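*Asks:* So I've got this file, data09.cif, and it contains mmCIF, C-alpha atoms:
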```
data_final
#
loop_
_atom_site.label_atom_id
_atom_site.label_comp_id
_atom_site.auth_asym_id
_atom_site.auth_seq_id
_atom_site.Cartn_x
_atom_site.Cartn_y
_atom_site.Cartn_z
CA MET K 896 11.32 -0.25 7.68
CA VAL K 897 9.71 -1.38 4.43
CA PRO K 898 9.40 -5.19 4.17
CA PRO K 899 11.40 -6.38 1.12
CA ALA K 900 8.33 -8.22 -0.18
CA HIS K 901 6.53 -4.87 -0.56
CA GLN K 902 8.93 -3.72 -3.27
CA GLY K 903 7.16 -3.55 -6.61
CA THR K 904 3.72 -3.05 -5.04
CA MET K 905 1.51 -0.16 -3.98
CA SER K 906 -1.59 0.30 -1.88
CA SER K 907 -4.92 -0.91 -3.17
CA ALA K 908 -6.27 2.59 -2.38
CA LEU K 909 -3.89 4.20 -4.86
CA THR K 910 -4.70 1.53 -7.44
CA ARG K 911 -8.45 2.13 -6.97
CA LEU K 912 -7.77 5.79 -7.68
CA SER K 913 -6.02 4.89 -10.95
CA VAL K 914 -8.98 2.74 -12.01
CA LYS K 915 -11.46 5.50 -11.15
CA ALA K 916 -9.54 8.10 -13.16
CA ALA K 917 -9.31 5.71 -16.13
CA ARG K 918 -13.07 5.21 -16.07
CA LEU K 919 -13.77 8.95 -15.81
CA LEU K 920 -11.52 9.52 -18.83
CA ASP K 921 -13.25 6.76 -20.82
CA THR K 922 -10.28 4.41 -20.99
CA PRO K 923 -11.67 1.04 -22.21
CA PRO K 924 -11.52 -1.41 -19.27
CA ALA K 925 -10.87 -4.31 -21.65
CA GLY K 926 -7.27 -3.18 -21.75
CA TYR K 927 -6.66 -3.46 -18.01
CA ALA K 928 -9.47 -5.39 -16.26
CA HIS K 929 -7.50 -8.64 -16.46
CA LEU K 930 -4.40 -7.26 -14.74
CA LEU K 931 -3.08 -8.79 -11.52
CA GLY K 932 -4.77 -7.40 -8.43
CA LEU K 933 -7.84 -5.88 -10.09
CA ALA K 934 -10.28 -8.58 -8.98
CA SER K 935 -12.74 -6.93 -6.60
CA GLU K 936 -11.71 -9.05 -3.62
CA HIS K 937 -8.14 -7.71 -3.95
CA LEU K 938 -8.76 -4.18 -5.23
CA ASN K 939 -11.26 -3.45 -2.44
CA ASP K 940 -9.18 -5.03 0.32
CA ASP K 941 -7.02 -2.41 2.04
CA LEU K 942 -4.67 -5.14 3.28
CA CYS K 943 -3.69 -6.06 -0.28
CA ARG K 944 -0.81 -4.36 -2.04
CA ILE K 945 -1.27 -4.40 -5.81
CA PRO K 946 1.63 -4.75 -8.28
CA ALA K 947 2.89 -1.30 -9.26
CA ALA K 948 3.00 -2.58 -12.84
CA THR K 949 -0.80 -2.79 -12.78
CA ALA K 950 -1.31 0.91 -11.99
CA ASN K 951 1.49 1.86 -14.39
CA ARG K 952 -0.24 -0.01 -17.21
CA ILE K 953 -3.56 1.70 -16.45
CA ALA K 954 -1.83 5.09 -16.61
CA GLU K 955 -0.17 4.16 -19.91
CA LEU K 956 -3.49 3.18 -21.44
CA THR K 957 -5.12 6.36 -20.15
CA THR K 958 -2.45 8.69 -21.55
CA VAL K 959 -2.92 7.11 -24.99
CA ARG K 960 -6.32 8.81 -25.09
CA THR K 961 -5.83 11.74 -22.70
CA PRO K 962 -2.98 14.28 -22.37
CA TRP K 963 -0.96 13.56 -19.24
CA PRO K 964 -1.68 16.95 -17.57
CA GLU K 965 -5.41 16.16 -17.69
CA LEU K 966 -4.86 12.76 -16.09
CA SER K 967 -2.86 14.46 -13.32
CA LEU K 968 -5.69 16.90 -12.67
CA VAL K 969 -8.39 14.21 -12.59
CA LEU K 970 -6.32 12.08 -10.18
CA ALA K 971 -5.92 15.07 -7.86
CA GLN K 972 -9.60 16.00 -8.07
CA GLN K 973 -10.57 12.48 -7.03
CA SER K 974 -8.08 12.41 -4.13
CA ARG K 975 -10.35 13.67 -1.39
CA ILE K 976 -9.03 13.53 2.15
CA GLY K 977 -9.09 9.95 3.36
CA THR K 978 -8.83 8.44 -0.13
CA LEU K 979 -5.32 7.22 0.65
CA GLY K 980 -6.08 6.17 4.21
CA VAL K 981 -3.75 6.86 7.11
CA TRP K 982 -1.15 8.50 4.87
CA ASP K 983 -3.51 11.44 4.23
CA TYR K 984 -4.05 12.05 7.93
CA LEU K 985 -0.34 11.92 8.73
CA ILE K 986 -0.09 15.23 6.87
CA THR K 987 -3.25 16.91 8.09
CA SER K 988 -3.03 15.92 11.78
CA ALA K 989 0.56 16.86 12.65
CA ALA K 990 1.45 19.91 14.76
CA THR K 991 2.54 21.78 11.60
CA PRO K 992 2.17 21.06 7.89
CA LEU K 993 5.95 20.65 7.69
CA GLU K 994 5.95 17.96 10.36
CA GLY K 995 3.05 16.31 8.54
CA ILE K 996 4.78 16.12 5.17
CA ARG K 997 7.91 14.77 6.87
CA ASP K 998 5.80 12.00 8.43
CA ALA K 999 4.28 11.36 5.01
CA SER K 1000 7.78 11.00 3.59
CA THR K 1001 8.77 8.52 6.31
CA TYR K 1002 5.68 6.37 5.65
CA PHE K 1003 5.48 6.87 1.91
CA ALA K 1004 5.56 3.09 1.48
CA THR K 1005 2.02 2.85 2.86
CA VAL K 1006 0.79 4.16 -0.50
CA ALA K 1007 3.58 3.93 -3.08
CA ASP K 1008 6.31 1.64 -4.37
CA THR K 1009 9.40 3.10 -2.72
CA GLY K 1010 11.56 0.94 -4.93
CA THR K 1011 10.91 3.39 -7.76
CA ASP K 1012 9.37 6.53 -6.19
CA THR K 1013 10.37 8.61 -3.20
CA LEU K 1014 9.04 11.71 -1.44
CA GLU K 1015 11.75 14.07 -0.23
CA VAL K 1016 11.48 17.22 1.89
CA ALA K 1017 14.26 19.83 1.94
CA GLU K 1018 14.34 23.03 3.99
CA ASP K 1019 16.53 25.87 2.71
CA GLY K 1020 16.23 29.03 4.75
CA GLU K 1021 12.95 30.69 3.83
CA HIS K 1022 11.82 27.90 1.52
CA VAL K 1023 10.69 24.27 1.80
CA THR K 1024 10.82 22.09 -1.31
CA VAL K 1025 8.86 18.86 -1.58
CA SER K 1026 10.12 16.57 -4.34
CA HIS K 1027 8.72 13.49 -6.02
CA VAL K 1028 11.66 11.51 -7.34
CA ASN K 1029 11.62 8.66 -9.85
CA GLN K 1030 13.84 7.45 -12.64
CA ALA K 1031 11.33 7.59 -15.50
CA ASP K 1032 12.23 9.06 -18.87
CA LEU K 1033 10.90 12.54 -19.73
CA THR K 1034 9.06 11.06 -22.69
CA HIS K 1035 7.15 8.49 -20.60
CA GLU K 1036 3.82 10.27 -20.37
CA ALA K 1037 2.34 7.96 -17.74
CA ALA K 1038 5.25 8.70 -15.38
CA CYS K 1039 4.94 12.42 -16.12
CA ALA K 1040 1.27 12.25 -15.14
CA VAL K 1041 2.04 10.45 -11.87
CA SER K 1042 4.77 12.90 -10.84
CA ALA K 1043 2.66 15.93 -11.68
CA TYR K 1044 -0.27 14.43 -9.76
CA ALA K 1045 1.94 13.68 -6.75
CA LEU K 1046 2.98 17.34 -6.45
CA GLY K 1047 -0.64 18.43 -6.73
CA LEU K 1048 -1.58 15.91 -4.05
CA TYR K 1049 1.09 17.22 -1.67
CA GLN K 1050 -0.14 20.76 -2.21
CA ARG K 1051 -3.74 19.75 -1.48
CA ARG K 1052 -2.90 17.90 1.70
CA LEU K 1053 -0.67 20.71 2.98
CA SER K 1054 -3.43 23.22 2.24
CA GLU K 1055 -5.93 21.03 4.09
CA ALA K 1056 -3.53 20.89 7.05
CA ALA K 1057 -3.15 24.68 7.05
CA ARG K 1058 -6.91 25.16 6.49
CA ARG K 1059 -6.18 27.60 3.66
CA GLY K 1060 -5.03 27.41 0.08
CA LEU K 1061 -1.23 27.38 -0.14
CA VAL K 1062 0.08 28.77 -3.42
CA PRO K 1063 3.53 27.40 -4.34
CA LEU K 1064 6.38 29.76 -5.16
CA ARG K 1065 7.35 27.52 -8.05
CA VAL K 1066 6.81 24.08 -9.51
CA THR K 1067 9.35 22.07 -11.50
CA LEU K 1068 8.47 18.99 -13.52
CA ALA K 1069 10.77 16.30 -14.89
CA ALA K 1070 8.66 16.29 -18.04
CA GLY K 1071 8.64 17.93 -21.42
CA ALA K 1072 6.38 20.94 -21.82
CA PRO K 1073 2.88 19.87 -22.96
CA ARG K 1074 1.02 21.65 -25.73
CA ARG K 1075 -1.52 23.07 -23.30
CA HIS K 1076 -0.83 24.10 -19.71
CA GLY K 1077 -4.38 24.80 -18.55
CA ALA K 1078 -4.78 21.60 -16.53
CA LEU K 1079 -1.48 22.18 -14.70
CA THR K 1080 -2.35 25.81 -13.94
CA GLU K 1081 -5.61 24.60 -12.43
CA LEU K 1082 -3.82 21.82 -10.57
CA TYR K 1083 -1.26 24.08 -8.87
CA GLY K 1084 -3.01 27.45 -8.88
CA THR K 1085 -0.02 29.08 -10.53
CA ARG K 1086 1.62 29.51 -13.93
CA ALA K 1087 5.09 29.32 -12.38
CA VAL K 1088 5.82 25.84 -13.73
CA ASP K 1089 9.20 24.90 -15.22
CA PHE K 1090 9.64 21.82 -17.40
CA GLU K 1091 12.49 19.42 -18.20
CA ALA K 1092 13.83 19.82 -14.66
CA PRO K 1093 16.08 17.18 -13.07
CA THR K 1094 13.41 16.49 -10.42
CA SER K 1095 9.70 17.14 -10.01
CA SER K 1096 9.26 19.46 -7.04
CA ILE K 1097 7.00 22.06 -5.47
CA THR K 1098 8.32 24.90 -3.29
CA PHE K 1099 6.54 26.81 -0.51
CA LEU K 1100 7.40 29.55 1.95
CA ALA K 1101 8.78 27.95 5.09
CA THR K 1102 6.59 30.22 7.22
CA ASP K 1103 3.48 28.70 5.59
CA LEU K 1104 4.51 25.16 6.49
CA LYS K 1105 5.83 25.94 9.98
CA ALA K 1106 2.68 27.66 11.19
CA PRO K 1107 0.73 25.57 13.74
CA THR K 1108 -1.92 23.33 12.21
CA PRO K 1109 -5.36 24.55 13.32
CA HIS K 1110 -7.15 22.11 15.62
CA ALA K 1111 -4.15 19.73 15.83
CA GLN K 1112 -4.65 17.16 18.59
CA PRO K 1113 -1.62 16.37 20.79
CA GLY K 1114 -0.58 12.74 20.51
CA LEU K 1115 -2.62 11.98 17.40
CA SER K 1116 0.42 11.90 15.12
CA GLY K 1117 1.98 9.19 17.26
CA VAL K 1118 -1.16 7.08 16.98
CA LEU K 1119 -1.20 7.55 13.20
CA ARG K 1120 2.47 6.62 12.87
CA ARG K 1121 1.88 3.39 14.78
CA HIS K 1122 -1.14 2.67 12.57
CA ALA K 1123 1.01 3.24 9.47
CA GLU K 1124 3.63 0.82 10.79
CA GLN K 1125 0.94 -1.77 11.51
CA SER K 1126 -0.51 -1.31 8.03
CA LEU K 1127 2.86 -2.09 6.48
CA ALA K 1128 3.44 -5.05 8.79
CA THR K 1129 0.11 -6.71 8.00
CA ALA K 1130 -0.18 -5.87 4.29
CA VAL K 1131 -0.32 -8.72 1.77
CA PRO K 1132 1.78 -8.00 -1.35
CA LEU K 1133 0.50 -9.54 -4.57
CA HIS K 1134 3.30 -10.33 -7.01
CA ASP K 1135 2.06 -13.44 -8.77
CA TRP K 1136 -0.61 -16.16 -8.81
CA LEU K 1137 0.64 -17.71 -5.58
CA ASP K 1138 0.18 -14.38 -3.78
CA LEU K 1139 -3.38 -14.19 -5.09
CA PHE K 1140 -4.02 -17.73 -3.88
CA ARG K 1141 -2.66 -16.96 -0.42
CA ALA K 1142 -4.80 -13.83 -0.14
CA ALA K 1143 -7.89 -15.86 -1.10
CA LEU K 1144 -6.94 -18.64 1.33
CA ALA K 1145 -6.51 -16.15 4.17
CA SER K 1146 -9.90 -14.57 3.54
CA VAL K 1147 -11.61 -17.98 3.50
CA HIS K 1148 -9.66 -19.08 6.58
CA HIS K 1149 -11.00 -16.11 8.54
CA GLU K 1150 -14.53 -17.22 7.68
CA GLY K 1151 -14.02 -20.83 8.84
CA THR K 1152 -12.14 -23.98 7.91
CA PRO K 1153 -10.80 -23.47 4.36
CA LYS K 1154 -11.64 -25.99 1.65
CA PRO K 1155 -10.14 -26.22 -1.86
CA ALA K 1156 -13.56 -25.88 -3.50
CA THR K 1157 -14.28 -22.66 -1.61
CA VAL K 1158 -10.94 -21.06 -2.50
CA SER K 1159 -11.15 -22.17 -6.14
CA ARG K 1160 -14.60 -20.56 -6.45
CA ARG K 1161 -13.23 -17.38 -4.87
CA MET K 1162 -10.49 -17.33 -7.50
CA GLY K 1163 -12.75 -18.29 -10.42
CA VAL K 1164 -10.97 -21.54 -11.31
CA SER K 1165 -11.76 -25.24 -10.94
CA THR K 1166 -10.43 -27.22 -7.98
CA ARG K 1167 -8.33 -29.30 -10.36
CA THR K 1168 -6.77 -26.17 -11.88
CA LEU K 1169 -6.07 -24.87 -8.38
CA GLN K 1170 -4.21 -28.06 -7.48
CA ARG K 1171 -2.23 -28.00 -10.74
CA ARG K 1172 -1.13 -24.40 -10.19
CA LEU K 1173 -0.09 -25.11 -6.61
CA ASP K 1174 1.99 -28.01 -7.91
CA ALA K 1175 3.55 -25.76 -10.57
CA HIS K 1176 4.57 -23.33 -7.80
CA GLY K 1177 6.23 -26.11 -5.82
CA THR K 1178 3.70 -26.26 -2.99
CA THR K 1179 0.56 -28.11 -1.93
CA TRP K 1180 -2.81 -27.31 -0.39
CA ARG K 1181 -1.76 -28.98 2.85
CA ASN K 1182 1.50 -27.01 3.07
CA GLU K 1183 -0.26 -23.70 2.45
CA VAL K 1184 -2.98 -24.32 5.02
CA GLU K 1185 -0.41 -25.40 7.59
CA ALA K 1186 1.72 -22.30 6.90
CA LEU K 1187 -1.34 -20.09 7.40
CA ARG K 1188 -2.21 -21.86 10.66
CA ARG K 1189 1.39 -21.56 11.77
CA ALA K 1190 1.38 -17.79 11.23
CA ASP K 1191 -1.93 -17.40 13.07
CA ILE K 1192 -0.88 -19.59 16.00
CA THR K 1193 2.46 -17.82 16.41
CA ARG K 1194 0.75 -14.42 16.32
CA MET K 1195 -1.84 -15.48 18.92
CA LEU K 1196 0.84 -16.87 21.23
CA HIS K 1197 2.82 -13.62 20.98
CA ASP K 1198 0.00 -11.10 20.98
CA THR K 1199 -2.87 -12.58 23.03
CA ASP K 1200 -3.53 -14.31 26.35
CA LEU K 1201 -5.71 -17.01 24.79
CA THR K 1202 -5.18 -20.49 26.20
CA VAL K 1203 -3.65 -23.20 24.04
CA ASP K 1204 -7.04 -24.93 23.97
CA ALA K 1205 -8.71 -21.76 22.68
CA ILE K 1206 -6.04 -21.23 20.02
CA ALA K 1207 -6.38 -24.86 18.90
CA ALA K 1208 -10.14 -24.44 18.52
CA ARG K 1209 -9.73 -21.21 16.57
CA THR K 1210 -7.18 -22.63 14.15
CA GLY K 1211 -8.81 -25.95 13.31
CA TYR K 1212 -6.85 -28.37 15.49
CA ALA K 1213 -8.69 -31.20 17.25
CA ASP K 1214 -7.31 -30.28 20.66
CA ALA K 1215 -4.40 -28.66 22.51
CA ARG K 1216 -2.31 -31.84 22.19
CA ALA K 1217 -2.47 -31.69 18.37
CA LEU K 1218 -1.48 -28.04 18.43
CA ARG K 1219 1.47 -28.75 20.74
CA ARG K 1220 2.71 -31.43 18.34
CA ALA K 1221 2.48 -28.96 15.45
CA VAL K 1222 4.39 -26.24 17.33
CA HIS K 1223 7.10 -28.74 18.26
CA ARG K 1224 7.39 -29.82 14.62
CA TRP K 1225 7.75 -26.21 13.46
CA TYR K 1226 9.93 -24.76 16.19
CA GLY K 1227 11.27 -27.67 18.26
CA THR K 1228 9.72 -26.21 21.41
CA THR K 1229 6.42 -25.89 23.26
CA PRO K 1230 3.70 -23.22 22.92
CA ALA K 1231 4.46 -22.05 26.48
CA THR K 1232 8.16 -21.56 25.70
CA LEU K 1233 7.35 -19.82 22.43
CA ARG K 1234 4.95 -17.50 24.24
CA ARG K 1235 7.48 -16.65 26.96
CA ALA K 1236 10.18 -15.92 24.42
CA GLY K 1237 7.89 -13.67 22.41
CA ARG K 1238 9.90 -14.30 19.29
CA SER K 1239 10.28 -16.73 16.42
CA PRO K 1240 13.06 -19.24 17.26
CA GLU K 1241 13.86 -19.82 13.62
CA SER K 1242 14.59 -16.15 12.94
CA GLY K 1243 16.37 -15.33 16.20
CA ARG K 1244 14.64 -11.93 16.30
CA PHE K 1245 11.51 -10.62 17.94
CA SER K 1246 8.86 -10.90 15.27
CA ARG K 1247 5.20 -11.34 14.54
CA PRO K 1248 5.11 -13.76 11.62
CA GLY K 1249 2.63 -12.91 8.93
CA SER K 1250 4.22 -14.73 6.03
CA MET K 1251 2.63 -17.84 4.65
CA GLY K 1252 5.72 -18.90 2.78
#
```
Rewrite the coordinates I just gave you, this time as structure tokens.

*Replies:*
Amino acid sequence: MVPPAHQGTMSSALTRLSVKAARLLDTPPAGYAHLLGLASEHLNDDLCRIPAATANRIAELTTVRTPWPELSLVLAQQSRIGTLGVWDYLITSAATPLEGIRDASTYFATVADTGTDTLEVAEDGEHVTVSHVNQADLTHEAACAVSAYALGLYQRRLSEAARRGLVPLRVTLAAGAPRRHGALTELYGTRAVDFEAPTSSITFLATDLKAPTPHAQPGLSGVLRRHAEQSLATAVPLHDWLDLFRAALASVHHEGTPKPATVSRRMGVSTRTLQRRLDAHGTTWRNEVEALRRADITRMLHDTDLTVDAIAARTGYADARALRRAVHRWYGTTPATLRRAGRSPESGRFSRPGSMG
């Protein structure tokens, strides 16, 4: 299940790819470098999910200077196996390419914003059609580039799974026909591309996708699926300034006791500005630090066998007694009871809190 907070965001890996393609196509960085999530500490952190609007804006700026088919091709050329993390290996490590692309569809949220884009797989007798569905207008060149790239990416990963080049029977694009088709012919390895279709899709012979994946390792797909679920559960979505602050606070917290001056330097603002912005968002430094400690303590009680004394030392409390008082204030119970229950009393469901809100 995709956490609701992830809507409107995508993986930092996919955003890094957008930035790389923009640079290769000489898109001036002055137009996008300031966008939310592009600071190096967020863009290079695989736990961060970057606003989808950031990557969309980069694509818009790039297609001002470059025809959208060329952007699609460059994105695909830069998408070497592993670029998109566990999602790539879900496709290439399954028992068959078809099983792999179905897993990729299930865990599409690990890379993309499933609020606007979906990956669908349909089997119809001798054919399997993989579709990339979004609601963008045919005239929106950035969206055309992304959809065309997505189909090329699916083809590449399926070919890597099969260990041979898979040539599609046909390709349909929900885009107007470009002036030149050369980049798309190179992208798909075929001229059988139809434009102005209801949905962007790529179709293969079912026998190609049902053949056993060479060197598939039994049980590996299960491990990768669990890793994908964990990635979604622990990801930090960045929607606004407060999300950026919380990501910076978490990174400093993992290095030691967080201090306002350290976090403000990490974010490139003064301590006074940091305090003003926290106030504007209806929170305080103390509340945010306590929320972070609360999430860490709850996770450790649920997921580890550390003693209360050890958890107190790790989370900045003077001793176990201080930690017990904090847990009682938050949950109205003791650490031992919370550990035995293995769930968050305030939610009533088994959970592993990661929110700092």

*Asks:* Using only C-alpha atoms, which residue out of K:Leu1169, K:Ala1056, K:Ala1072, K:Leu993 lies closest to Thr1102 (chain K)?

*Replies:*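 Using only C-alpha atoms, Thr1102 (chain K) sits closest to K:Leu993.
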
*Asks:* Could you check the closest approach to Gln1050 (chain K) for each of K:Ser1026, K:Asn951, K:Ser1165, K:Gln1170 and tell me which residue wins, using all atoms listed in the file?

*Replies:*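 Selected residue with least distance to Gln1050 (chain K): K:Ser1026.
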
*Asks:* Kindly resolve the PyMOL selection byres ((chain K and resi 1153) around 12) on the present coordinates and return the residues as a PDB file with C-alpha atoms, keeping the file's coordinate frame.

*Replies:*
```
ATOM      1  CA  ARG K1141      -2.660 -16.960  -0.420  1.00  0.00           C
ATOM      2  CA  ALA K1143      -7.890 -15.860  -1.100  1.00  0.00           C
ATOM      3  CA  LEU K1144      -6.940 -18.640   1.330  1.00  0.00           C
ATOM      4  CA  ALA K1145      -6.510 -16.150   4.170  1.00  0.00           C
ATOM      5  CA  SER K1146      -9.900 -14.570   3.540  1.00  0.00           C
ATOM      6  CA  VAL K1147     -11.610 -17.980   3.500  1.00  0.00           C
ATOM      7  CA  HIS K1148      -9.660 -19.080   6.580  1.00  0.00           C
ATOM      8  CA  HIS K1149     -11.000 -16.110   8.540  1.00  0.00           C
ATOM      9  CA  GLU K1150     -14.530 -17.220   7.680  1.00  0.00           C
ATOM     10  CA  GLY K1151     -14.020 -20.830   8.840  1.00  0.00           C
ATOM     11  CA  THR K1152     -12.140 -23.980   7.910  1.00  0.00           C
ATOM     12  CA  LYS K1154     -11.640 -25.990   1.650  1.00  0.00           C
ATOM     13  CA  PRO K1155     -10.140 -26.220  -1.860  1.00  0.00           C
ATOM     14  CA  ALA K1156     -13.560 -25.880  -3.500  1.00  0.00           C
ATOM     15  CA  THR K1157     -14.280 -22.660  -1.610  1.00  0.00           C
ATOM     16  CA  VAL K1158     -10.940 -21.060  -2.500  1.00  0.00           C
ATOM     17  CA  SER K1159     -11.150 -22.170  -6.140  1.00  0.00           C
ATOM     18  CA  ARG K1160     -14.600 -20.560  -6.450  1.00  0.00           C
ATOM     19  CA  ARG K1161     -13.230 -17.380  -4.870  1.00  0.00           C
ATOM     20  CA  TRP K1180      -2.810 -27.310  -0.390  1.00  0.00           C
ATOM     21  CA  ARG K1181      -1.760 -28.980   2.850  1.00  0.00           C
ATOM     22  CA  GLU K1183      -0.260 -23.700   2.450  1.00  0.00           C
ATOM     23  CA  VAL K1184      -2.980 -24.320   5.020  1.00  0.00           C
ATOM     24  CA  GLU K1185      -0.410 -25.400   7.590  1.00  0.00           C
ATOM     25  CA  LEU K1187      -1.340 -20.090   7.400  1.00  0.00           C
ATOM     26  CA  ARG K1188      -2.210 -21.860  10.660  1.00  0.00           C
ATOM     27  CA  THR K1210      -7.180 -22.630  14.150  1.00  0.00           C
ATOM     28  CA  GLY K1211      -8.810 -25.950  13.310  1.00  0.00           C
TER      29      GLY K1211
END
```

*Asks:* Can you pull out the residues contacting region 1219-1234 of chain K? Cut-off 10 Å, using all atoms listed in the file, and skip same-chain residues under 5 positions away; I want them as a list in words.

*Replies:*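 My list of contacting residues is Glu1185, Ala1186, Arg1188, Arg1189, Ile1192, Thr1193, Arg1194, Met1195, Leu1196, His1197, Asp1198, Thr1199, Asp1200, Thr1202, Val1203, Asp1204, Ala1207, Tyr1212, Asp1214, Ser1239, Pro1240 and Glu1241 of chain K.
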
*Asks:* Please identify all polymer residues within 9 Å of region 1084-1088 of chain K, counting only C-alpha atoms, omitting same-chain residues fewer than 3 positions from it, and present them as a count of residues only.

*Replies:* 13

*Asks:* Between K:Val981, K:Glu936, K:Val1028, K:Ala1038, single out the one closest to Thr957 (chain K), counting all atoms listed in the file.

*Replies:*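 Under the stated criterion, the closest residue is K:Ala1038.
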
*Asks:* For this file, the PyMOL selection byres ((chain K and resi 1097) around 6) selects which residues, as a ChimeraX atom specification?

*Replies:* /K:1024-1025,1066,1096,1098

*Asks:* What does the PyMOL selection byres ((chain K and resi 942) around 6) select in this file, as a list in words?

*Replies:*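 In the shown coordinates, the PyMOL selection byres ((chain K and resi 942) around 6) covers Asp940, Asp941, Cys943, Ala1130 and Val1131 of chain K.
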
*Asks:* Can you work out the spacing between CA of Asp1103 (chain K) and CA of Ala1057 (chain K) in Å, to one decimal?

*Replies:*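 Value for the CA of Asp1103 (chain K)-CA of Ala1057 (chain K) distance: 7.9 Å.
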
*Asks:* Looking at all atoms listed in the file, which of K:Asp921, K:Glu965, K:Asp1135, K:Glu955 is the one that sits closest to Leu1082 (chain K)?

*Replies:*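 Nearest to Leu1082 (chain K): K:Glu965.
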
*Asks:* Go ahead and fit an axis-aligned box to every listed atom of region 1214-1220 of chain K plus 8 Å each side, and pass me the centre and edge lengths in Å, one decimal, as JSON.

*Replies:*
```
{"center_x": -2.3, "center_y": -29.9, "center_z": 20.4, "size_x": 26.0, "size_y": 19.8, "size_z": 20.2}
```
